[in-house]
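> This is the structure I have questions about; it appears just below.
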Amino acid sequence: MASPPDRAPTMDDVAAAAGVSKMTVSRALRGARVAAATRARIMEAVARLGYVPHAAAGALASRRSGFVAAIVPSMDNSNFAETIAGLEAALRQAGLDLLLGTTLYSNAREEELLHTLMRHRPEGIVLTGGVHSRRVAALLGRSALPVVETWDLPSSPIGGVVGFSNRAAGALMTAHLAAIGRRRIAFLGGASRRDPRGEDRGRGYEEALAAAGLGPPLLFRHGQPPLSMRHGAEGMALLLERWPETDAVVCASDLIAFGAIAECQRRGIGVPERIAIGGFGDFEVSRCAVPAISTVAVDARGIGERAGAMLVRAVAARRRGEAAAPERIEVGLRLAARGSTVAPRRDS
């Protein structure tokens, strides 16, 4: 028996083709106990008709949707893309799928996305950062779903955490520039508070500058997130107009650093001879640029893999009717000193 060509096959079509009841088809597709011969007839009918089970209906019946939801600021950022790749790989191993949304660095958009995603009954949520609206925190608290926050170390986490101190990242690059003798060190970041992680790197810069006895801080903010190489170039031009004696710049990201270096090259300013420039994130572009960009490296894919493994454990516990204690994993930061801050040694 074939289903009419003007509509998709239904469970009723499968039941009729297999000579069983609709309830038996439902039980077979859920993995419940059904005679082997009967199951074989049902699966053959499913394949022949091209029937696709309704995942949402199955989720309502079993309370297991089989997927988790993740929200990131942007997929234009290769670090977030790497995190999602690691997250998806970890979930796939456990038989879980991923539903993804992007906020474009807007807390209001995060709230809207979360409401939409929750209607699909995810079994867990992965968020980026530790700064969310009160409504988001309240919604997730009421849901009792496993939650993992990434790319930050929030002081009051909603659930599990896989992240690092963005403040420490900004301080690490600033301390490196001070250690190589730079004294007029500026910070170049975005002009919006929609990127709290970039803001924290700026605070780390200020703290490290004070610890080194240097100052006052030269904080220059330009552009709305997501920030690009263009913002870095424009911001560098404006920064040099305001503080022409600057001899080093800590950039909130490698993309900003790339644009800043390009602007220096357009002006005939030597990097690092005249101005040393450092970034954050260890993007691929930082390794391929000329000069290669000094950066604070973080294992973006590893964050996703660890967040996925953490969520898998929490989802498994919830399915057993158990409450999993929230976990906290702090990932390491590594200074990668390259040609944009340290000139290559030349043989005499």
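Just remember, in the structure tokens the first chain shown is A, the second B, etc., residues are 1-based per chain, and ligands are 1-based in the order shown.
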Report as an MDAnalysis selection string all protein, DNA and RNA residues lying within 7 Å of stretch 75-92 of chain A, evaluated on only C-alpha atoms, omitting residues in the same chain fewer than 5 positions from it.
chainID A and resid 97:98 283 300:305 307:309 312
> If you keep N, CA, C and O atoms, can you produce a file of those selected residues as a compact mmCIF listing (two decimals), in the first residue's frame?

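Result file part_12.txt:
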```
# COMPACT_ATOMS: atom_id res chain seq x y z
N ASP A 97 21.17 15.16 19.59
CA ASP A 97 21.31 16.12 18.50
C ASP A 97 21.34 17.54 19.07
O ASP A 97 21.04 17.77 20.24
N LEU A 98 21.68 18.50 18.20
CA LEU A 98 21.88 19.87 18.63
C LEU A 98 21.00 20.83 17.86
O LEU A 98 20.90 20.76 16.64
N PHE A 283 42.87 32.88 16.82
CA PHE A 283 42.16 32.59 15.57
C PHE A 283 43.18 32.12 14.53
O PHE A 283 44.37 32.43 14.61
N ALA A 300 39.14 26.45 22.17
CA ALA A 300 37.72 26.68 21.88
C ALA A 300 36.97 25.38 21.65
O ALA A 300 35.86 25.19 22.17
N ARG A 301 37.56 24.47 20.88
CA ARG A 301 36.89 23.19 20.64
C ARG A 301 36.78 22.39 21.94
O ARG A 301 35.77 21.75 22.21
N GLY A 302 37.85 22.44 22.74
CA GLY A 302 37.83 21.72 24.01
C GLY A 302 36.73 22.21 24.94
O GLY A 302 36.16 21.41 25.70
N ILE A 303 36.43 23.51 24.90
CA ILE A 303 35.33 24.03 25.71
C ILE A 303 34.03 23.34 25.30
O ILE A 303 33.24 22.91 26.15
N GLY A 304 33.80 23.22 24.00
CA GLY A 304 32.60 22.56 23.52
C GLY A 304 32.55 21.09 23.89
O GLY A 304 31.52 20.56 24.31
N GLU A 305 33.69 20.40 23.75
CA GLU A 305 33.74 18.97 24.08
C GLU A 305 33.45 18.75 25.56
O GLU A 305 32.69 17.84 25.94
N ALA A 307 31.89 20.84 27.64
CA ALA A 307 30.50 21.22 27.92
C ALA A 307 29.54 20.12 27.49
O ALA A 307 28.57 19.81 28.19
N GLY A 308 29.83 19.51 26.33
CA GLY A 308 28.99 18.42 25.85
C GLY A 308 29.02 17.23 26.78
O GLY A 308 27.98 16.64 27.12
N ALA A 309 30.22 16.84 27.22
CA ALA A 309 30.35 15.71 28.13
C ALA A 309 29.64 15.98 29.45
O ALA A 309 28.98 15.11 30.03
N VAL A 312 25.90 15.72 28.83
CA VAL A 312 25.51 14.31 28.67
C VAL A 312 25.34 13.65 30.03
O VAL A 312 24.37 12.92 30.26
```
> Would you mind listing what lies within 7 Å of stretch 334-342 of chain A as a compact mmCIF listing (two decimals) with all heavy atoms, in the first residue's frame, with only C-alpha atoms counted and same-chain residues fewer than 4 positions away left out?

```txt
# COMPACT_ATOMS: atom_id res chain seq x y z
N VAL A 271 55.50 47.22 13.05
CA VAL A 271 54.98 46.32 14.08
C VAL A 271 55.86 45.07 14.08
O VAL A 271 55.96 44.39 13.06
CB VAL A 271 53.51 45.92 13.77
CG1 VAL A 271 53.00 44.91 14.81
CG2 VAL A 271 52.59 47.13 13.73
N PRO A 272 56.60 44.82 15.17
CA PRO A 272 56.46 45.41 16.50
C PRO A 272 57.49 46.49 16.81
O PRO A 272 57.56 46.95 17.95
CB PRO A 272 56.71 44.21 17.40
CG PRO A 272 57.80 43.46 16.68
CD PRO A 272 57.47 43.61 15.21
N ALA A 276 53.86 47.43 19.45
CA ALA A 276 53.58 46.00 19.63
C ALA A 276 52.07 45.83 19.78
O ALA A 276 51.41 46.61 20.46
CB ALA A 276 54.30 45.47 20.86
N ILE A 277 51.53 44.80 19.12
CA ILE A 277 50.08 44.60 19.13
C ILE A 277 49.78 43.14 19.48
O ILE A 277 50.34 42.21 18.88
CB ILE A 277 49.46 44.96 17.77
CG1 ILE A 277 49.67 46.45 17.48
CG2 ILE A 277 47.97 44.59 17.73
CD1 ILE A 277 49.18 46.89 16.12
N GLY A 278 48.88 42.93 20.46
CA GLY A 278 48.48 41.59 20.86
C GLY A 278 46.98 41.44 20.83
O GLY A 278 46.23 42.42 20.96
N PRO A 291 53.09 40.47 10.46
CA PRO A 291 53.66 39.42 11.31
C PRO A 291 52.56 38.58 11.98
O PRO A 291 51.43 39.06 12.10
CB PRO A 291 54.45 40.22 12.35
CG PRO A 291 53.68 41.50 12.47
CD PRO A 291 53.22 41.81 11.07
N ALA A 292 52.92 37.38 12.40
CA ALA A 292 51.97 36.56 13.15
C ALA A 292 51.60 37.28 14.44
O ALA A 292 52.42 37.96 15.05
CB ALA A 292 52.59 35.20 13.46
N ILE A 293 50.34 37.15 14.83
CA ILE A 293 49.81 37.95 15.93
C ILE A 293 50.01 37.24 17.27
O ILE A 293 49.56 36.10 17.45
CB ILE A 293 48.31 38.24 15.71
CG1 ILE A 293 48.12 39.04 14.41
CG2 ILE A 293 47.73 39.02 16.89
CD1 ILE A 293 46.66 39.21 14.00
N SER A 294 50.65 37.93 18.20
CA SER A 294 50.72 37.43 19.57
C SER A 294 49.31 37.42 20.15
O SER A 294 48.53 38.36 19.94
CB SER A 294 51.63 38.31 20.43
OG SER A 294 52.97 38.23 20.00
N THR A 295 48.99 36.37 20.89
CA THR A 295 47.61 36.22 21.33
C THR A 295 47.55 35.43 22.62
O THR A 295 48.53 34.78 23.02
CB THR A 295 46.78 35.51 20.24
OG1 THR A 295 45.39 35.52 20.59
CG2 THR A 295 47.23 34.07 20.06
N VAL A 296 46.40 35.48 23.26
CA VAL A 296 46.11 34.61 24.40
C VAL A 296 45.24 33.48 23.86
O VAL A 296 44.12 33.73 23.38
CB VAL A 296 45.39 35.36 25.53
CG1 VAL A 296 45.00 34.40 26.65
CG2 VAL A 296 46.29 36.47 26.08
N ALA A 297 45.78 32.28 23.89
CA ALA A 297 45.11 31.14 23.27
C ALA A 297 44.23 30.41 24.28
O ALA A 297 44.58 30.26 25.44
CB ALA A 297 46.15 30.17 22.71
N VAL A 298 43.07 29.97 23.80
CA VAL A 298 42.16 29.16 24.59
C VAL A 298 41.66 28.03 23.70
O VAL A 298 41.52 28.20 22.48
CB VAL A 298 40.98 30.01 25.11
CG1 VAL A 298 40.17 30.59 23.96
CG2 VAL A 298 40.09 29.21 26.04
```
> Nearest to A:Gly213 among A:Val147, A:Arg197, A:Ser228, A:Thr174, with distances taken over only C-alpha atoms: which residue is it?
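So, comparing all the options, the nearest one is A:Thr174.
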> Can you tell me, as JSON, numbers by chain, what residues are no more than 12 Å from A:Arg7 when counting only C-alpha atoms, ignoring any on the same chain fewer than 6 positions away?
{"A": [13, 49, 50, 51]}
> Taking the backbone alone, and naming residues the way the document does, which bits of stretch 168-267 of chain A are strand (DSSP E or B) by DSSP, as an MDAnalysis selection string?
chainID A and resid 185:189 218:221 248:251
> Give me the residues within 9 Å of A:Glu206 as a PyMOL selection string, counting only C-alpha atoms and dropping any in the same chain fewer than 4 places off.
chain A and resi 170-171+174+187+201-202+210-211+215-219
> Using DSSP on the backbone coordinates, identify the residues of stretch 234-331 of chain A assigned to alpha helix (DSSP H); present them as a ChimeraX atom specification.
/A:234-242,254-266,284-288,300-319
> Would you mind reading off the distance between atom CA of A:Phe258 and atom CA of A:Phe164, one decimal, in Å?
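Computing the Euclidean distance for atom CA of A:Phe258 and atom CA of A:Phe164 yields 23.4 Å.
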> Give me, please, the distance in Å between atom CA of A:Val249 and atom CA of A:Ile185, quoted to one decimal.
5.5 Å
> Of the candidates A:Ala18, A:Met236, A:Ala45, A:Ala70, which one gets nearest to A:Arg266 if we count only C-alpha atoms?
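Checking each of A:Ala18, A:Met236, A:Ala45, A:Ala70 against A:Arg266, counting only C-alpha atoms, the winner is A:Met236.
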> In Å, with one decimal, what is the gap from atom CA of A:Leu240 to atom CA of A:Glu263?
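So the two atoms, atom CA of A:Leu240 and atom CA of A:Glu263, lie 10.2 Å apart.
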> For A:Val285, work out the shell of residues within 8 Å, counting only C-alpha atoms and skipping chain neighbours fewer than 2 positions away, then give it as an mmCIF file with N, CA and C atoms, in the first residue's frame.

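Output saved as result_4.cif:
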```
data_model
loop_
_atom_site.group_PDB
_atom_site.id
_atom_site.type_symbol
_atom_site.label_atom_id
_atom_site.label_comp_id
_atom_site.auth_asym_id
_atom_site.auth_seq_id
_atom_site.Cartn_x
_atom_site.Cartn_y
_atom_site.Cartn_z
ATOM 1 N N ASP A 254 41.606 38.765 18.228
ATOM 2 C CA ASP A 254 42.585 38.684 17.140
ATOM 3 C C ASP A 254 42.109 39.411 15.890
ATOM 4 N N LEU A 255 40.790 39.431 15.653
ATOM 5 C CA LEU A 255 40.290 40.142 14.472
ATOM 6 C C LEU A 255 40.560 41.636 14.591
ATOM 7 N N PHE A 258 44.259 42.158 13.982
ATOM 8 C CA PHE A 258 44.615 42.087 12.556
ATOM 9 C C PHE A 258 44.339 43.426 11.875
ATOM 10 N N ASP A 282 43.523 33.237 19.565
ATOM 11 C CA ASP A 282 44.301 32.351 18.709
ATOM 12 C C ASP A 282 43.507 31.908 17.482
ATOM 13 N N PHE A 283 42.874 32.883 16.822
ATOM 14 C CA PHE A 283 42.164 32.595 15.571
ATOM 15 C C PHE A 283 43.177 32.122 14.530
ATOM 16 N N ARG A 287 47.647 33.218 13.214
ATOM 17 C CA ARG A 287 48.821 32.403 12.886
ATOM 18 C C ARG A 287 49.292 32.641 11.461
ATOM 19 N N CYS A 288 48.387 33.112 10.592
ATOM 20 C CA CYS A 288 48.724 33.300 9.184
ATOM 21 C C CYS A 288 49.110 34.741 8.847
ATOM 22 N N ALA A 289 48.837 35.677 9.747
ATOM 23 C CA ALA A 289 49.126 37.089 9.479
ATOM 24 C C ALA A 289 50.627 37.336 9.411
#
```
> If we count only C-alpha atoms, what is near A:Ala178 at a cut-off of 10 Å, once residues fewer than 6 positions away on the same chain are taken out, given as a list in words?
Arg184, Ile185, Ala208, Leu209, Ala212, Gly213, Leu214 and Ala248 of chain A
